[in-house]
file coords23.txt (compact mmCIF, C-alpha atoms and all ligand atoms)
# COMPACT_ATOMS: atom_id res chain seq x y z
CA MET A 59 47.95 97.52 136.26
CA VAL A 60 47.67 98.17 132.59
CA ASN A 61 50.05 97.65 129.70
CA VAL A 62 50.78 100.34 127.13
CA LEU A 63 51.29 99.87 123.40
CA VAL A 64 53.14 102.73 121.71
CA ILE A 65 52.79 102.70 117.91
CA GLY A 66 55.72 103.95 115.85
CA SER A 67 59.48 103.61 115.56
CA GLY A 68 60.99 107.09 115.84
CA GLY A 69 62.68 109.18 118.51
CA ARG A 70 59.28 110.49 119.53
CA GLU A 71 58.06 106.98 120.24
CA HIS A 72 61.19 106.10 122.23
CA ALA A 73 60.66 109.23 124.34
CA LEU A 74 56.97 108.42 124.90
CA SER A 75 57.75 104.79 125.80
CA TRP A 76 60.48 105.93 128.20
CA LYS A 77 58.20 108.42 129.96
CA LEU A 78 55.17 106.12 130.10
CA SER A 79 57.23 103.27 131.55
CA GLN A 80 57.90 105.51 134.61
CA SER A 81 54.21 105.52 135.56
CA SER A 82 53.36 103.50 138.68
CA LYS A 83 50.11 102.48 136.96
CA VAL A 84 51.81 101.00 133.93
CA ASP A 85 53.10 97.45 133.96
CA LYS A 86 54.78 96.89 130.61
CA VAL A 87 55.30 99.23 127.65
CA PHE A 88 55.35 97.56 124.23
CA THR A 89 56.41 99.40 121.09
CA ALA A 90 55.30 98.42 117.58
CA PRO A 91 57.48 98.12 115.64
CA GLY A 92 59.93 100.13 117.80
CA ASN A 93 63.66 100.57 117.20
CA GLY A 94 67.04 99.57 118.62
CA GLY A 95 66.43 101.60 121.78
CA THR A 96 62.86 100.66 122.70
CA GLU A 97 62.07 97.68 124.91
CA ASN A 98 59.49 94.97 124.24
CA ASN A 99 59.33 95.55 120.48
CA ILE A 100 56.44 93.92 118.67
CA PRO A 101 57.06 93.24 114.96
CA ILE A 102 53.80 94.72 113.65
CA ASP A 103 53.76 97.49 111.03
CA ILE A 104 52.08 100.79 111.90
CA ASP A 105 49.59 100.28 109.06
CA ASP A 106 48.50 96.77 110.07
CA LEU A 107 45.53 97.98 112.11
CA ASN A 108 44.01 94.52 112.55
CA ALA A 109 47.17 93.02 114.01
CA LEU A 110 47.70 96.05 116.27
CA ALA A 111 44.12 95.85 117.58
CA GLU A 112 44.41 92.12 118.17
CA PHE A 113 47.65 92.61 120.10
CA ALA A 114 46.19 95.44 122.22
CA GLN A 115 43.13 93.35 123.02
CA LYS A 116 45.09 90.23 124.00
CA ASN A 117 47.53 92.17 126.16
CA ASN A 118 45.15 94.56 127.93
CA CYS A 119 46.86 97.63 126.42
CA PHE A 120 46.16 101.32 126.51
CA THR A 121 47.39 102.31 123.04
CA VAL A 122 49.27 105.53 122.23
CA VAL A 123 49.70 106.49 118.57
CA GLY A 124 52.92 108.36 117.71
CA PRO A 125 52.92 109.11 113.95
CA GLU A 126 50.29 110.59 111.63
CA ALA A 127 49.84 107.75 109.14
CA PRO A 128 47.74 105.40 111.31
CA LEU A 129 45.66 108.35 112.55
CA ALA A 130 44.92 109.40 108.98
CA VAL A 131 43.53 105.96 108.14
CA GLY A 132 41.33 105.82 111.24
CA ILE A 133 43.14 103.66 113.80
CA VAL A 134 41.41 105.48 116.65
CA ASP A 135 37.93 104.91 115.18
CA LYS A 136 38.71 101.23 114.67
CA PHE A 137 39.96 100.71 118.24
CA ASN A 138 36.96 102.62 119.61
CA GLN A 139 34.57 100.36 117.71
CA MET A 140 36.26 97.42 119.40
CA ASN A 141 36.04 99.10 122.83
CA LEU A 142 39.83 99.35 123.06
CA LYS A 143 41.29 102.39 124.80
CA ILE A 144 43.44 104.45 122.47
CA PHE A 145 45.00 107.90 122.70
CA GLY A 146 44.87 110.16 119.65
CA PRO A 147 42.43 111.93 117.31
CA SER A 148 39.77 110.22 115.20
CA GLN A 149 40.20 110.07 111.43
CA LYS A 150 37.95 113.12 111.02
CA ALA A 151 39.84 115.12 113.62
CA ALA A 152 43.20 114.09 112.12
CA GLN A 153 42.17 115.82 108.88
CA LEU A 154 43.73 118.91 110.42
CA GLU A 155 47.00 117.26 109.43
CA SER A 156 46.10 114.72 106.74
CA SER A 157 44.55 117.27 104.38
CA LYS A 158 46.24 120.63 104.26
CA ILE A 159 43.36 121.94 102.11
CA TRP A 160 40.79 120.82 104.66
CA ALA A 161 42.83 122.55 107.37
CA LYS A 162 43.19 125.80 105.41
CA ASN A 163 39.45 125.94 104.65
CA PHE A 164 38.68 125.14 108.30
CA MET A 165 40.89 128.03 109.45
CA LYS A 166 39.36 130.39 106.90
CA ARG A 167 35.75 129.68 107.85
CA ASN A 168 36.55 129.93 111.56
CA GLY A 169 38.73 133.04 111.48
CA ILE A 170 41.95 131.36 112.65
CA GLN A 171 44.94 133.39 111.53
CA THR A 172 46.85 131.77 108.66
CA ALA A 173 48.57 132.81 105.41
CA ARG A 174 46.27 133.94 102.53
CA PHE A 175 45.85 131.11 100.01
CA GLU A 176 44.22 129.67 96.89
CA ILE A 177 43.72 126.02 95.90
CA PHE A 178 44.50 124.62 92.44
CA GLU A 179 44.31 121.40 90.42
CA ASP A 180 45.16 122.97 87.08
CA PRO A 181 48.87 123.86 86.75
CA LYS A 182 48.21 126.61 84.16
CA LYS A 183 45.74 128.39 86.45
CA ALA A 184 48.14 128.10 89.38
CA GLN A 185 51.00 129.54 87.34
CA ASP A 186 48.87 132.44 86.07
CA TYR A 187 47.88 133.12 89.67
CA VAL A 188 51.45 133.33 91.02
CA LYS A 189 52.40 135.63 88.13
CA SER A 190 49.63 138.00 89.23
CA LEU A 191 50.88 138.34 92.83
CA ASN A 192 53.23 140.91 94.26
CA TYR A 193 54.45 138.71 97.11
CA ASN A 194 56.40 135.45 97.46
CA VAL A 195 54.55 132.17 97.89
CA VAL A 196 54.84 128.70 99.36
CA VAL A 197 53.48 125.80 97.31
CA LYS A 198 52.12 122.82 99.25
CA ALA A 199 50.88 119.38 98.23
CA ASP A 200 47.49 118.68 99.82
CA GLY A 201 48.17 115.24 101.30
CA LEU A 202 50.76 113.60 103.53
CA ALA A 203 54.24 113.64 101.99
CA SER A 204 56.47 112.83 104.99
CA GLY A 205 57.03 116.51 105.65
CA LYS A 206 58.49 117.06 102.18
CA GLY A 207 55.51 118.34 100.19
CA VAL A 208 56.15 122.02 100.95
CA ILE A 209 58.22 124.25 98.66
CA VAL A 210 59.15 127.71 99.92
CA CYS A 211 59.76 129.96 96.89
CA ASN A 212 61.96 133.05 96.57
CA ASN A 213 60.59 134.30 93.24
CA ILE A 214 58.09 133.60 90.46
CA ASP A 215 60.39 131.18 88.61
CA GLU A 216 60.75 129.01 91.70
CA ALA A 217 56.98 129.11 92.23
CA ILE A 218 56.34 128.00 88.65
CA ALA A 219 58.87 125.18 89.04
CA ALA A 220 57.26 124.12 92.34
CA ILE A 221 53.82 123.92 90.73
CA ASP A 222 55.34 121.79 87.97
CA THR A 223 57.04 119.49 90.50
CA ILE A 224 53.86 118.78 92.44
CA LEU A 225 51.00 119.00 89.90
CA VAL A 226 52.72 117.88 86.68
CA LYS A 227 55.70 115.68 87.63
CA LYS A 228 53.71 114.29 90.59
CA THR A 229 56.84 114.01 92.71
CA PHE A 230 54.66 113.40 95.79
CA GLY A 231 52.20 111.10 93.96
CA ASP A 232 48.50 111.46 94.71
CA ALA A 233 49.28 113.67 97.74
CA GLY A 234 49.91 116.30 95.06
CA ASN A 235 46.65 116.03 93.10
CA ARG A 236 45.72 119.42 94.50
CA ILE A 237 47.96 122.18 95.79
CA ILE A 238 47.76 125.20 98.03
CA VAL A 239 49.53 128.35 96.92
CA GLU A 240 49.88 130.59 99.94
CA GLU A 241 51.57 133.80 100.95
CA ARG A 242 55.08 133.32 102.31
CA ILE A 243 55.20 134.78 105.79
CA ASP A 244 58.64 135.93 106.83
CA GLY A 245 59.00 135.74 110.58
CA ILE A 246 60.11 133.44 113.37
CA GLU A 247 58.88 129.91 113.52
CA ALA A 248 58.00 127.98 116.67
CA SER A 249 56.03 124.91 117.73
CA TYR A 250 53.14 125.04 120.17
CA ILE A 251 51.69 121.73 121.29
CA ALA A 252 48.66 121.17 123.51
CA LEU A 253 47.07 118.06 124.98
CA CYS A 254 43.35 118.07 124.22
CA ASP A 255 40.25 116.13 125.24
CA GLY A 256 37.79 117.75 122.84
CA VAL A 257 37.01 120.68 125.16
CA THR A 258 40.07 121.46 127.28
CA ALA A 259 43.57 122.04 125.88
CA LEU A 260 46.59 121.92 128.21
CA PRO A 261 49.77 123.53 126.85
CA MET A 262 52.72 121.14 126.54
CA ALA A 263 55.42 123.84 126.78
CA SER A 264 56.71 125.75 123.77
CA SER A 265 59.53 124.47 121.60
CA GLN A 266 61.48 125.22 118.47
CA ASP A 267 62.51 122.75 115.79
CA HIS A 268 65.41 123.10 113.31
CA LYS A 269 64.05 121.80 110.03
CA ARG A 270 66.87 122.44 107.58
CA ILE A 271 69.72 119.97 107.22
CA PHE A 272 72.64 122.43 107.57
CA ASP A 273 73.66 125.03 110.18
CA ASP A 274 72.07 128.48 109.96
CA ASP A 275 68.93 126.95 108.46
CA LYS A 276 70.57 126.19 105.11
CA GLY A 277 69.81 123.32 102.72
CA PRO A 278 66.68 121.23 102.24
CA ASN A 279 63.95 120.62 104.81
CA THR A 280 64.14 117.47 106.93
CA GLY A 281 61.87 115.89 109.53
CA GLY A 282 63.74 118.03 112.09
CA MET A 283 67.42 118.13 113.09
CA GLY A 284 67.05 119.16 116.71
CA ALA A 285 64.72 120.96 119.09
CA TYR A 286 64.69 122.68 122.43
CA SER A 287 62.06 123.58 124.99
CA PRO A 288 60.88 126.01 126.22
CA THR A 289 61.64 128.66 123.63
CA PRO A 290 62.08 132.34 124.54
CA VAL A 291 60.64 133.14 121.10
CA ILE A 292 57.22 132.54 122.70
CA ASP A 293 56.94 134.82 125.73
CA ASN A 294 53.94 134.72 128.08
CA ILE A 295 51.94 137.24 126.09
CA LEU A 296 52.47 135.39 122.85
CA ALA A 297 51.75 132.04 124.52
CA GLU A 298 48.41 133.36 125.70
CA LYS A 299 47.64 134.64 122.22
CA ILE A 300 48.45 131.27 120.66
CA GLN A 301 46.50 129.39 123.31
CA ASN A 302 43.38 131.54 122.87
CA LYS A 303 43.39 132.59 119.22
CA ILE A 304 44.69 129.32 117.81
CA ILE A 305 44.49 126.29 120.10
CA ASN A 306 41.26 126.96 122.01
CA LYS A 307 39.61 128.41 118.92
CA THR A 308 40.57 125.32 116.91
CA ILE A 309 39.19 122.88 119.50
CA GLN A 310 35.99 124.91 119.93
CA SER A 311 35.45 125.36 116.18
CA MET A 312 36.02 121.64 115.62
CA LYS A 313 33.42 120.92 118.32
CA ASN A 314 30.99 123.35 116.68
CA GLU A 315 31.45 121.39 113.47
CA GLY A 316 30.72 118.13 115.29
CA ILE A 317 34.32 116.90 115.54
CA ILE A 318 35.83 116.15 118.93
CA PHE A 319 39.61 116.63 118.85
CA LYS A 320 41.36 114.40 121.37
CA GLY A 321 45.12 113.99 121.37
CA PHE A 322 48.11 116.22 120.86
CA LEU A 323 47.32 119.26 118.75
CA TYR A 324 50.47 120.77 117.29
CA ALA A 325 50.37 124.22 115.76
CA GLY A 326 53.42 125.13 113.68
CA VAL A 327 53.31 128.92 113.88
CA MET A 328 55.11 131.77 112.20
CA ILE A 329 55.34 134.92 114.29
CA ARG A 330 55.28 138.22 112.41
CA ASP A 331 54.86 141.56 114.16
CA ASN A 332 53.97 139.73 117.38
CA GLU A 333 51.07 137.92 115.73
CA PRO A 334 51.02 134.12 115.33
CA TYR A 335 49.97 132.60 111.98
CA VAL A 336 49.31 128.88 111.63
CA LEU A 337 51.63 127.35 109.02
CA GLU A 338 50.44 123.84 109.66
CA TYR A 339 48.65 121.67 112.14
CA ASN A 340 49.84 118.27 113.20
CA ALA A 341 47.50 115.88 114.96
CA ARG A 342 50.30 114.38 117.07
CA MET A 343 53.47 115.22 118.99
CA GLY A 344 56.32 116.67 116.99
CA ASP A 345 59.47 114.71 116.36
CA PRO A 346 62.02 115.84 117.63
CA GLU A 347 60.05 118.30 119.82
CA CYS A 348 58.66 115.39 121.85
CA GLN A 349 62.12 114.40 123.10
CA PRO A 350 63.01 117.65 124.97
CA ILE A 351 59.39 118.12 126.06
CA THR A 352 59.08 114.69 127.68
CA MET A 353 62.37 115.20 129.52
CA ARG A 354 60.93 118.28 131.21
CA MET A 355 57.68 116.61 132.30
CA ASP A 356 57.27 116.49 136.07
CA PHE A 357 54.01 114.60 135.95
CA ASP A 358 52.68 111.17 135.12
CA LEU A 359 52.10 111.35 131.37
CA TYR A 360 49.97 108.18 131.45
CA ASP A 361 47.37 109.86 133.73
CA TYR A 362 47.04 112.80 131.35
CA LEU A 363 46.76 110.68 128.21
CA VAL A 364 43.99 108.69 129.89
CA ALA A 365 42.27 111.96 130.86
CA SER A 366 42.44 113.06 127.23
CA VAL A 367 40.64 109.89 126.15
CA ASP A 368 38.11 110.15 129.02
CA GLY A 369 37.42 113.87 128.49
CA THR A 370 38.48 114.76 132.05
CA LEU A 371 41.47 117.07 131.51
CA SER A 372 39.64 120.00 133.14
CA VAL A 373 39.63 118.24 136.53
CA MET A 374 43.26 117.09 136.45
CA PRO A 375 45.84 118.78 138.71
CA THR A 376 47.89 121.57 137.12
CA ILE A 377 50.72 120.16 135.08
CA SER A 378 54.20 120.87 136.42
CA TRP A 379 57.38 121.14 134.42
CA LYS A 380 61.01 120.89 135.47
CA ASN A 381 62.25 124.44 135.72
CA GLN A 382 65.06 123.66 133.30
CA SER A 383 65.73 123.88 129.60
CA SER A 384 66.02 120.82 127.44
CA VAL A 385 67.80 120.35 124.12
CA CYS A 386 67.71 117.46 121.64
CA ILE A 387 70.45 117.12 119.03
CA VAL A 388 69.51 114.80 116.19
CA LEU A 389 72.39 112.62 115.01
CA ALA A 390 71.70 111.69 111.40
CA SER A 391 73.39 109.64 108.68
CA LYS A 392 75.38 111.80 106.27
CA GLY A 393 73.38 112.12 103.05
CA TYR A 394 69.96 112.47 104.78
CA PRO A 395 67.38 113.75 103.70
CA GLU A 396 68.43 112.12 100.42
CA SER A 397 70.27 108.78 100.32
CA TYR A 398 72.57 107.58 103.07
CA PRO A 399 74.27 104.34 104.15
CA LYS A 400 72.74 102.01 106.74
CA ASP A 401 73.94 99.15 108.93
CA GLU A 402 76.92 100.99 110.44
CA ALA A 403 77.84 100.02 114.00
CA ILE A 404 77.30 102.80 116.55
CA THR A 405 79.60 103.06 119.57
CA GLY A 406 80.06 105.24 122.63
CA PHE A 407 76.70 104.80 124.40
CA ASP A 408 78.45 103.90 127.68
CA SER A 409 80.41 107.18 127.72
CA VAL A 410 77.30 109.39 127.59
CA PRO A 411 76.97 111.35 130.87
CA LYS A 412 74.03 110.46 133.12
CA ASN A 413 72.30 113.84 132.63
CA ALA A 414 71.59 113.01 128.98
CA MET A 415 69.18 110.58 127.36
CA VAL A 416 69.89 108.98 124.02
CA PHE A 417 66.56 108.44 122.28
CA HIS A 418 66.83 106.07 119.35
CA ALA A 419 65.13 106.63 115.98
CA GLY A 420 66.67 104.92 112.91
CA THR A 421 68.51 102.15 114.76
CA LYS A 422 68.22 98.40 115.12
CA LYS A 423 69.74 95.84 117.44
CA GLN A 424 71.75 93.00 115.88
CA ASN A 425 73.86 90.47 117.79
CA GLY A 426 74.13 92.85 120.72
CA ASN A 427 75.25 95.77 118.54
CA ILE A 428 73.31 98.90 117.66
CA LEU A 429 73.35 99.59 113.90
CA SER A 430 72.21 102.67 111.99
CA ASN A 431 68.96 101.97 110.18
CA GLY A 432 67.58 105.31 108.98
CA GLY A 433 68.21 108.97 108.19
CA ARG A 434 67.61 110.37 111.65
CA VAL A 435 69.41 107.88 113.86
CA LEU A 436 69.53 109.20 117.46
CA GLY A 437 68.23 112.17 119.45
CA VAL A 438 70.68 113.04 122.23
CA THR A 439 68.69 115.03 124.77
CA ALA A 440 69.88 116.83 127.90
CA LEU A 441 68.56 119.16 130.57
CA GLY A 442 70.35 122.24 131.90
CA ASP A 443 69.55 125.08 134.28
CA THR A 444 69.74 127.51 131.38
CA LEU A 445 69.31 127.07 127.65
CA GLU A 446 73.04 127.61 127.28
CA SER A 447 73.93 124.83 129.72
CA ALA A 448 71.36 122.47 128.20
CA ILE A 449 72.94 123.05 124.78
CA SER A 450 76.38 122.41 126.19
CA ASN A 451 75.27 119.23 128.03
CA ALA A 452 73.57 117.90 124.90
CA TYR A 453 76.63 118.51 122.69
CA ILE A 454 79.02 116.97 125.23
CA ALA A 455 76.85 113.85 125.18
CA ALA A 456 76.39 113.88 121.39
CA GLU A 457 80.16 113.94 120.87
CA LYS A 458 80.61 110.68 122.80
CA ILE A 459 78.73 108.73 120.16
CA SER A 460 80.27 107.70 116.84
CA TRP A 461 79.73 105.83 113.63
CA PRO A 462 81.33 106.38 110.20
CA HIS A 463 78.60 108.55 108.63
CA LYS A 464 77.44 110.44 111.74
CA TYR A 465 76.29 113.98 110.91
CA TYR A 466 74.67 116.66 113.07
CA ARG A 467 74.05 120.38 113.14
CA THR A 468 76.28 122.35 115.47
CA ASP A 469 73.88 125.25 116.12
CA ILE A 470 70.82 123.67 117.77
CA GLY A 471 69.32 126.18 120.22
CA LYS A 472 71.41 129.10 118.98
CA LYS A 473 68.31 130.88 117.64
CA GLY A 474 66.89 130.76 121.16
CA LEU A 475 70.07 132.19 122.72
CA SER A 476 69.89 135.18 120.42
CA TYR A 477 66.52 135.98 122.03
CA LEU A 478 67.70 136.04 125.63
P1 LIG B 501 55.07 122.43 106.79
O1 LIG B 501 55.39 121.02 106.35
O2 LIG B 501 53.73 122.92 106.40
O3 LIG B 501 55.45 122.64 108.23
O4 LIG B 501 56.10 123.36 106.04
C1 LIG B 501 57.47 123.12 106.13
C2 LIG B 501 58.18 124.40 106.39
O5 LIG B 501 57.94 125.32 105.33
C3 LIG B 501 57.71 125.14 107.62
O6 LIG B 501 58.31 124.64 108.76
C4 LIG B 501 58.15 126.55 107.31
O7 LIG B 501 59.51 126.73 107.57
C5 LIG B 501 57.92 126.63 105.82
N1 LIG B 501 56.61 127.26 105.53
C6 LIG B 501 55.41 126.65 105.38
N2 LIG B 501 54.44 127.55 105.12
C7 LIG B 501 55.03 128.77 105.09
C8 LIG B 501 54.56 130.11 104.88
N3 LIG B 501 53.29 130.39 104.59
N4 LIG B 501 55.48 131.10 104.94
C9 LIG B 501 56.77 130.84 105.20
N5 LIG B 501 57.28 129.62 105.41
C10 LIG B 501 56.42 128.57 105.37
N1 LIG B 502 59.19 118.38 113.90
C1 LIG B 502 58.14 118.62 113.03
C2 LIG B 502 57.13 117.57 112.96
O1 LIG B 502 57.10 116.67 113.76
O2 LIG B 502 56.30 117.62 112.06

call {"tool": "encode", "arguments": {"input": "coords23.txt", "output": "structure tokens"}}
result
Amino acid sequence: MVNVLVIGSGGREHALSWKLSQSSKVDKVFTAPGNGGTENNIPIDIDDLNALAEFAQKNNCFTVVGPEAPLAVGIVDKFNQMNLKIFGPSQKAAQLESSKIWAKNFMKRNGIQTARFEIFEDPKKAQDYVKSLNYNVVVKADGLASGKGVIVCNNIDEAIAAIDTILVKKTFGDAGNRIIVEERIDGIEASYIALCDGVTALPMASSQDHKRIFDDDKGPNTGGMGAYSPTPVIDNILAEKIQNKIINKTIQSMKNEGIIFKGFLYAGVMIRDNEPYVLEYNARMGDPECQPITMRMDFDLYDYLVASVDGTLSVMPTISWKNQSSVCIVLASKGYPESYPKDEAITGFDSVPKNAMVFHAGTKKQNGNILSNGGRVLGVTALGDTLESAISNAYIAAEKISWPHKYYRTDIGKKGLSYL
């Protein structure tokens, strides 16, 4: 028997820990640093690579990395050098997410469909460029900015202000030393995640996130306010297109360039006229997409993560999914994504029906109570035989839980219903 160490503290990591603990091959699942819902929390920060490696070595752990930050600084390379088994992409492979410019240039030289773009360091040149265009743009900071370094612009004035925010005011610090100015693609957005071993890429079911804070996709972008899986936005024909023209092509092109991509490859796609365009890559599972996806898994996730590390996905049995829909409603603290109160006691967990899972994110345990401890606090996730019933089950469960500043969107999954 082996132990598992899941790195991270969000809803994604709670869902991964929950699923991995069901494996008959796994003894104990540790989470570092974890949250109020995860078991066996280890108080080590996600950026303390030495302490994480030491813990994994001492406790015979197979390590699973949840968030992007440790991947971007090379946690996988470090563990590999120490002969420790770890799931996720190397630092070079994680560049697909850690440098948006690297990713855009990679797509361009390999013919992977993405929005037209230019790269700038000089604000004046960038501003002259947007003035010369006859289409709307999106301005993006090059580096990691916790999902906030992207400004979608409706006109030239907004584009000029966005350039100023990132390149001059340095709102995102050094992540904004260089920017991408790219064409705004107006279409339908979806998430497509695959599990890869460098050669083979197994689809992890389609999903759709809800990034804006308010209903009807209004207000600022967040880390994600809810997700459901699968999404009817991606039908079989489109899924095949994304798998071949984006996922397989990405893995193969990386290999041709001498980079083996192992781990979850997440393509955020915009669909326009039935064609998928890559908006962004992530080198990890999405959060909250991971929560509904793991609930639908009818296979031993541990076996497949090991196969990703070992390069043996092509000989694994076909993955099977519960033939149900799954919906995750994120319960946040009012004020998120800006400032919000913490340390409020959360009640109602015992009243949540058995068909729902409450994945914790920004919570902590104190004297037997669960307190709010972040912007996105819980991800209430439920299955249903149809998308409509999954939505209803998830909202029934979400309404059982309370704390003073609880806030959530009331339209998660509605975009999917309009497609059926
Ligand atoms: P990202 O962090 O790159 O996922 O961008 C955040 C959000 O900005 C995406 O989820 C999209 O909603 C939007 N976005 C990014 N790039 C584009 C684009 N080229 N056209 C339209 N919307 C975009
Ligand atoms: N839900 C979007 C992300 O994980 O980046």

call {"tool": "residues_around", "arguments": {"input": "coords23.txt", "residues": "range 385-387 of chain A", "least_positions_apart": "5", "cutoff": "9 Å", "atoms": "all atoms listed in the file", "output": "count of residues only"}}
result
29

call {"tool": "residues_near_ligand", "arguments": {"input": "coords23.txt", "ligand": "ligand LIG 502 (chain B)", "cutoff": "7 Å", "atoms": "all atoms listed in the file", "output": "number ranges by chain"}}
result
A: 205, 267, 281-282, 340, 343-347

call {"tool": "residues_around", "arguments": {"input": "coords23.txt", "residues": "Asn98 in chain A", "least_positions_apart": "6", "cutoff": "12 Å", "atoms": "all atoms listed in the file", "output": "number ranges by chain"}}
result
A: 61-64, 72, 75-76, 79, 85-92

call {"tool": "residues_near_point", "arguments": {"input": "coords23.txt", "point": "(61.1, 129.0, 137.6)", "cutoff": "12 Å", "atoms": "only C-alpha atoms", "output": "short mmCIF file (atom, residue, chain, number, x, y, z; two decimals) with C-alpha atoms, in the coordinates of the input"}}
result
data_model
loop_
_atom_site.label_atom_id
_atom_site.label_comp_id
_atom_site.auth_asym_id
_atom_site.auth_seq_id
_atom_site.Cartn_x
_atom_site.Cartn_y
_atom_site.Cartn_z
CA PRO A 288 60.88 126.01 126.22
CA SER A 378 54.20 120.87 136.42
CA TRP A 379 57.38 121.14 134.42
CA LYS A 380 61.01 120.89 135.47
CA ASN A 381 62.25 124.44 135.72
CA GLN A 382 65.06 123.66 133.30
CA SER A 383 65.73 123.88 129.60
CA ASP A 443 69.55 125.08 134.28
CA THR A 444 69.74 127.51 131.38
#

call {"tool": "atom_distance", "arguments": {"input": "coords23.txt", "atom1": "CA of Gly245 in chain A", "atom2": "CA of Tyr324 in chain A"}}
result
18.5 Å

call {"tool": "axis_aligned_box", "arguments": {"input": "coords23.txt", "around": "ligand LIG 501 (chain B)", "padding_each_side": "4 Å", "output": "lines of an AutoDock Vina configuration file"}}
result
center_x = 56.4
center_y = 126.1
center_z = 106.7
size_x = 14.2
size_y = 18.1
size_z = 12.2

call {"tool": "residues_near_ligand", "arguments": {"input": "coords23.txt", "ligand": "ligand LIG 501 (chain B)", "cutoff": "9 Å", "atoms": "only C-alpha atoms and all ligand atoms", "output": "PyMOL selection string"}}
result
chain A and resi 158+172-175+194-198+203-211+239-248+267-270+279-281+326-328+335-340
